Amino acid sequence: MSQPTLPPTPEGVTFTGQTVLITGGNTGIGLETARQCLVLQAKRVIVTVRSEAKAQDALSTLRNDPGVRSANPDATLEAFILDLEDCQSAIDFVQKVKREVAELDVLLCNAGISLPEYQMTKTGHEKIMQVNCYSHFLIVMELLPLLRATAAMRKTPSRCTMVGSYSHENNSLVNSPIPDGVSIVEFFDDPANYVKYKQYMNSKLVLHAFIQHLATVIPSTEVIVNAPCPGVVATTLMKDYPLWLRTFMFLWHKTLARSVEEGARALIYAARVAGEETHGKYISNNKVASGASVLQGKDGQEFAGRVWTDVCNDVRKVSPDVPIPAPG
């Protein structure tokens, strides 16, 4: 996989007066994206972390960054606790956001994990799917009213950007399709359907399908939803994998990977630069891309609708009053 160099964020792009919320904002691309938002004059940046210790580390890093101190020293910078492995934590998080955040211009769902073996969360879901998909989907649905209200006040669309991946094209469904009548959530929760080293790819496929359908029920004039791929970036996503594989990935990254700074620019592009043409789309190298074949055409629309229905049914189990949008 060759990667073209991403251009710098265009001159004049700014988050002036805006509130940005980034999940997984204490390390890697999330932390760097928060830094870039601050340098680009964001009024308020909120990152999510799993502990108070990580919160203090993230806030200290951002506040002491020379670029932030020079460009935007008076910005409001906060860290909210969020454990995406636990649906109750996601519910507590969105309630805190609703209480304490009056305006939300950008929701950037960045946090994610990749694991070599099947694990289940206490919520009862396979862990990669829970973290990368289901908890984030709950958060998106709960915060859409705030994003829409902010758009109405600003008279310009808010943004909901979920970090995707080129790897979704290598999902396991080509060889093991989900049977008709089987819930997609239940299918991926079943250890018998777990394909080693493929579940991260499957989670990104489900994420892209969710975004694709979400765009059919949320007008781009209110909230632009999209899913950019930052490309191969030198991060610690595979820290739990076997040494031989981590060694291979380290060498691959040394010759191919984008820097964290460049990868974050892909997220800035999707969350601020790109327009309505990216609504519901997968973005690769700052351009709308076709993505996996399972998402194309009528069959792709049906699959995306199936993901939406099954996810909504599951979300209602933990949050019965979640405001699920319907076609307008």
# chains A, B, ... in the order shown; residues from 1 in each chain; ligands from 1

$ residues_around --residues "Phe137 (chain A)" --least-positions-apart "6" --cutoff "10 Å" --atoms "only C-alpha atoms" --output "PyMOL selection string"
chain A and resi 90+109+130-131+143+162+207+210-211+308+311-312+315

$ closest_residue --among "A:Met120, A:Ile113, A:Cys37, A:Leu256" --to "Asp189 (chain A)" --atoms "only C-alpha atoms"
A:Met120

$ atom_distance --atom1 "CA of Thr16 (chain A)" --atom2 "CA of Ala42 (chain A)"
5.0 Å

$ closest_residue --among "A:Asn175, A:Thr14, A:Thr9, A:Thr156" --to "Glu222 (chain A)" --atoms "only C-alpha atoms"
A:Thr156

$ select_by_dssp --residues "region 34-69 of chain A" --states "alpha helix (DSSP H)" --output "JSON, numbers by chain"
{"A": [34, 35, 36, 37, 38, 39, 52, 53, 54, 55, 56, 57, 58, 59, 60, 61, 62, 63, 66, 67, 68, 69]}

$ write_last_selection --atoms "C-alpha atoms" --output "PDB file, in the first residue's frame"
ATOM      1  CA  ALA A  34      -6.663  18.003  19.521  1.00  0.00           C
ATOM      2  CA  ARG A  35      -3.387  19.935  19.314  1.00  0.00           C
ATOM      3  CA  GLN A  36      -4.030  20.922  15.706  1.00  0.00           C
ATOM      4  CA  CYS A  37      -7.600  22.018  16.511  1.00  0.00           C
ATOM      5  CA  LEU A  38      -6.228  24.250  19.262  1.00  0.00           C
ATOM      6  CA  VAL A  39      -3.581  25.736  16.970  1.00  0.00           C
ATOM      7  CA  GLU A  52      -7.878  10.906  35.835  1.00  0.00           C
ATOM      8  CA  ALA A  53      -4.153  10.215  35.544  1.00  0.00           C
ATOM      9  CA  LYS A  54      -4.413  10.031  31.754  1.00  0.00           C
ATOM     10  CA  ALA A  55      -6.553  13.169  31.808  1.00  0.00           C
ATOM     11  CA  GLN A  56      -3.870  15.150  33.593  1.00  0.00           C
ATOM     12  CA  ASP A  57      -1.157  13.848  31.256  1.00  0.00           C
ATOM     13  CA  ALA A  58      -3.159  14.805  28.160  1.00  0.00           C
ATOM     14  CA  LEU A  59      -4.082  18.253  29.434  1.00  0.00           C
ATOM     15  CA  SER A  60      -0.509  18.971  30.496  1.00  0.00           C
ATOM     16  CA  THR A  61       0.850  17.884  27.107  1.00  0.00           C
ATOM     17  CA  LEU A  62      -1.580  20.092  25.226  1.00  0.00           C
ATOM     18  CA  ARG A  63      -1.259  23.119  27.477  1.00  0.00           C
ATOM     19  CA  PRO A  66       4.602  25.560  22.114  1.00  0.00           C
ATOM     20  CA  GLY A  67       2.227  25.866  19.162  1.00  0.00           C
ATOM     21  CA  VAL A  68      -0.839  25.903  21.397  1.00  0.00           C
ATOM     22  CA  ARG A  69       0.737  28.344  23.852  1.00  0.00           C
TER      23      ARG A  69
END

$ residues_around --residues "Leu107 (chain A)" --least-positions-apart "3" --cutoff "9 Å" --atoms "only C-alpha atoms" --output "MDAnalysis selection string"
chainID A and resid 19:23 104 140 143 147 158:162 271

$ residues_around --residues "Gly28 (chain A)" --least-positions-apart "6" --cutoff "12 Å" --atoms "only C-alpha atoms" --output "count of residues only"
18

$ residues_around --residues "Gln119 (chain A)" --least-positions-apart "4" --cutoff "9 Å" --atoms "only C-alpha atoms" --output "mmCIF file with N, CA and C atoms, in the first residue's frame"
data_model
loop_
_atom_site.group_PDB
_atom_site.id
_atom_site.type_symbol
_atom_site.label_atom_id
_atom_site.label_comp_id
_atom_site.auth_asym_id
_atom_site.auth_seq_id
_atom_site.Cartn_x
_atom_site.Cartn_y
_atom_site.Cartn_z
ATOM 1 N N LEU A 115 -7.166 -6.167 18.743
ATOM 2 C CA LEU A 115 -6.710 -7.238 19.625
ATOM 3 C C LEU A 115 -6.479 -8.517 18.819
ATOM 4 N N HIS A 125 -20.601 -7.848 24.730
ATOM 5 C CA HIS A 125 -20.238 -7.798 23.319
ATOM 6 C C HIS A 125 -18.755 -8.109 23.130
ATOM 7 N N GLU A 126 -18.427 -8.582 21.932
ATOM 8 C CA GLU A 126 -17.022 -8.737 21.566
ATOM 9 C C GLU A 126 -16.354 -7.374 21.683
ATOM 10 N N LYS A 127 -15.149 -7.334 22.271
ATOM 11 C CA LYS A 127 -14.565 -6.069 22.715
ATOM 12 C C LYS A 127 -14.243 -5.099 21.580
ATOM 13 N N ILE A 128 -13.677 -5.586 20.484
ATOM 14 C CA ILE A 128 -13.325 -4.674 19.394
ATOM 15 C C ILE A 128 -14.579 -3.998 18.853
ATOM 16 N N PRO A 191 -18.268 -16.186 19.421
ATOM 17 C CA PRO A 191 -16.859 -16.578 19.234
ATOM 18 C C PRO A 191 -16.641 -17.487 18.031
#

$ residues_around --residues "region 273-290 of chain A" --least-positions-apart "4" --cutoff "6 Å" --atoms "only C-alpha atoms" --output "PyMOL selection string"
chain A and resi 211-212+215+220+224-229+269

$ write_last_selection --atoms "N, CA, C and O atoms" --output "compact mmCIF listing (two decimals), in the first residue's frame"
# COMPACT_ATOMS: atom_id res chain seq x y z
N ILE A 211 -22.19 4.87 9.06
CA ILE A 211 -22.09 6.24 8.54
C ILE A 211 -22.87 6.37 7.23
O ILE A 211 -23.56 7.38 6.99
N GLN A 212 -22.78 5.35 6.40
CA GLN A 212 -23.48 5.37 5.12
C GLN A 212 -24.99 5.52 5.32
O GLN A 212 -25.65 6.30 4.63
N ALA A 215 -26.23 8.96 7.02
CA ALA A 215 -26.34 10.08 6.08
C ALA A 215 -27.69 10.12 5.39
O ALA A 215 -28.08 11.17 4.85
N SER A 220 -27.32 16.76 5.23
CA SER A 220 -25.98 17.33 5.26
C SER A 220 -26.01 18.83 5.55
O SER A 220 -24.98 19.41 5.90
N ILE A 224 -22.79 17.17 8.72
CA ILE A 224 -22.05 16.40 7.72
C ILE A 224 -21.38 15.23 8.44
O ILE A 224 -20.59 15.42 9.37
N VAL A 225 -21.73 14.01 8.04
CA VAL A 225 -21.15 12.82 8.65
C VAL A 225 -20.24 12.14 7.63
O VAL A 225 -20.61 11.99 6.46
N ASN A 226 -19.05 11.76 8.05
CA ASN A 226 -18.13 11.10 7.14
C ASN A 226 -17.16 10.21 7.91
O ASN A 226 -17.13 10.24 9.15
N ALA A 227 -16.39 9.44 7.17
CA ALA A 227 -15.47 8.48 7.80
C ALA A 227 -14.14 8.48 7.06
O ALA A 227 -13.96 7.77 6.07
N PRO A 228 -13.18 9.27 7.53
CA PRO A 228 -11.87 9.32 6.88
C PRO A 228 -10.95 8.21 7.36
O PRO A 228 -11.01 7.77 8.51
N CYS A 229 -10.07 7.79 6.47
CA CYS A 229 -8.99 6.89 6.84
C CYS A 229 -7.70 7.70 6.93
O CYS A 229 -7.31 8.33 5.94
N TYR A 269 -8.99 17.47 7.90
CA TYR A 269 -9.60 17.65 6.58
C TYR A 269 -11.07 17.22 6.60
O TYR A 269 -11.95 17.95 6.15

$ atom_distance --atom1 "CA of Asp310 (chain A)" --atom2 "CA of Asn193 (chain A)"
17.1 Å

$ closest_residue --among "A:Tyr134, A:Tyr118, A:Phe80, A:Phe93" --to "Val47 (chain A)" --atoms "only C-alpha atoms"
A:Phe80

$ closest_residue --among "A:Ile139, A:Ala209, A:Leu173, A:Val307" --to "Ser89 (chain A)" --atoms "only C-alpha atoms"
A:Ile139
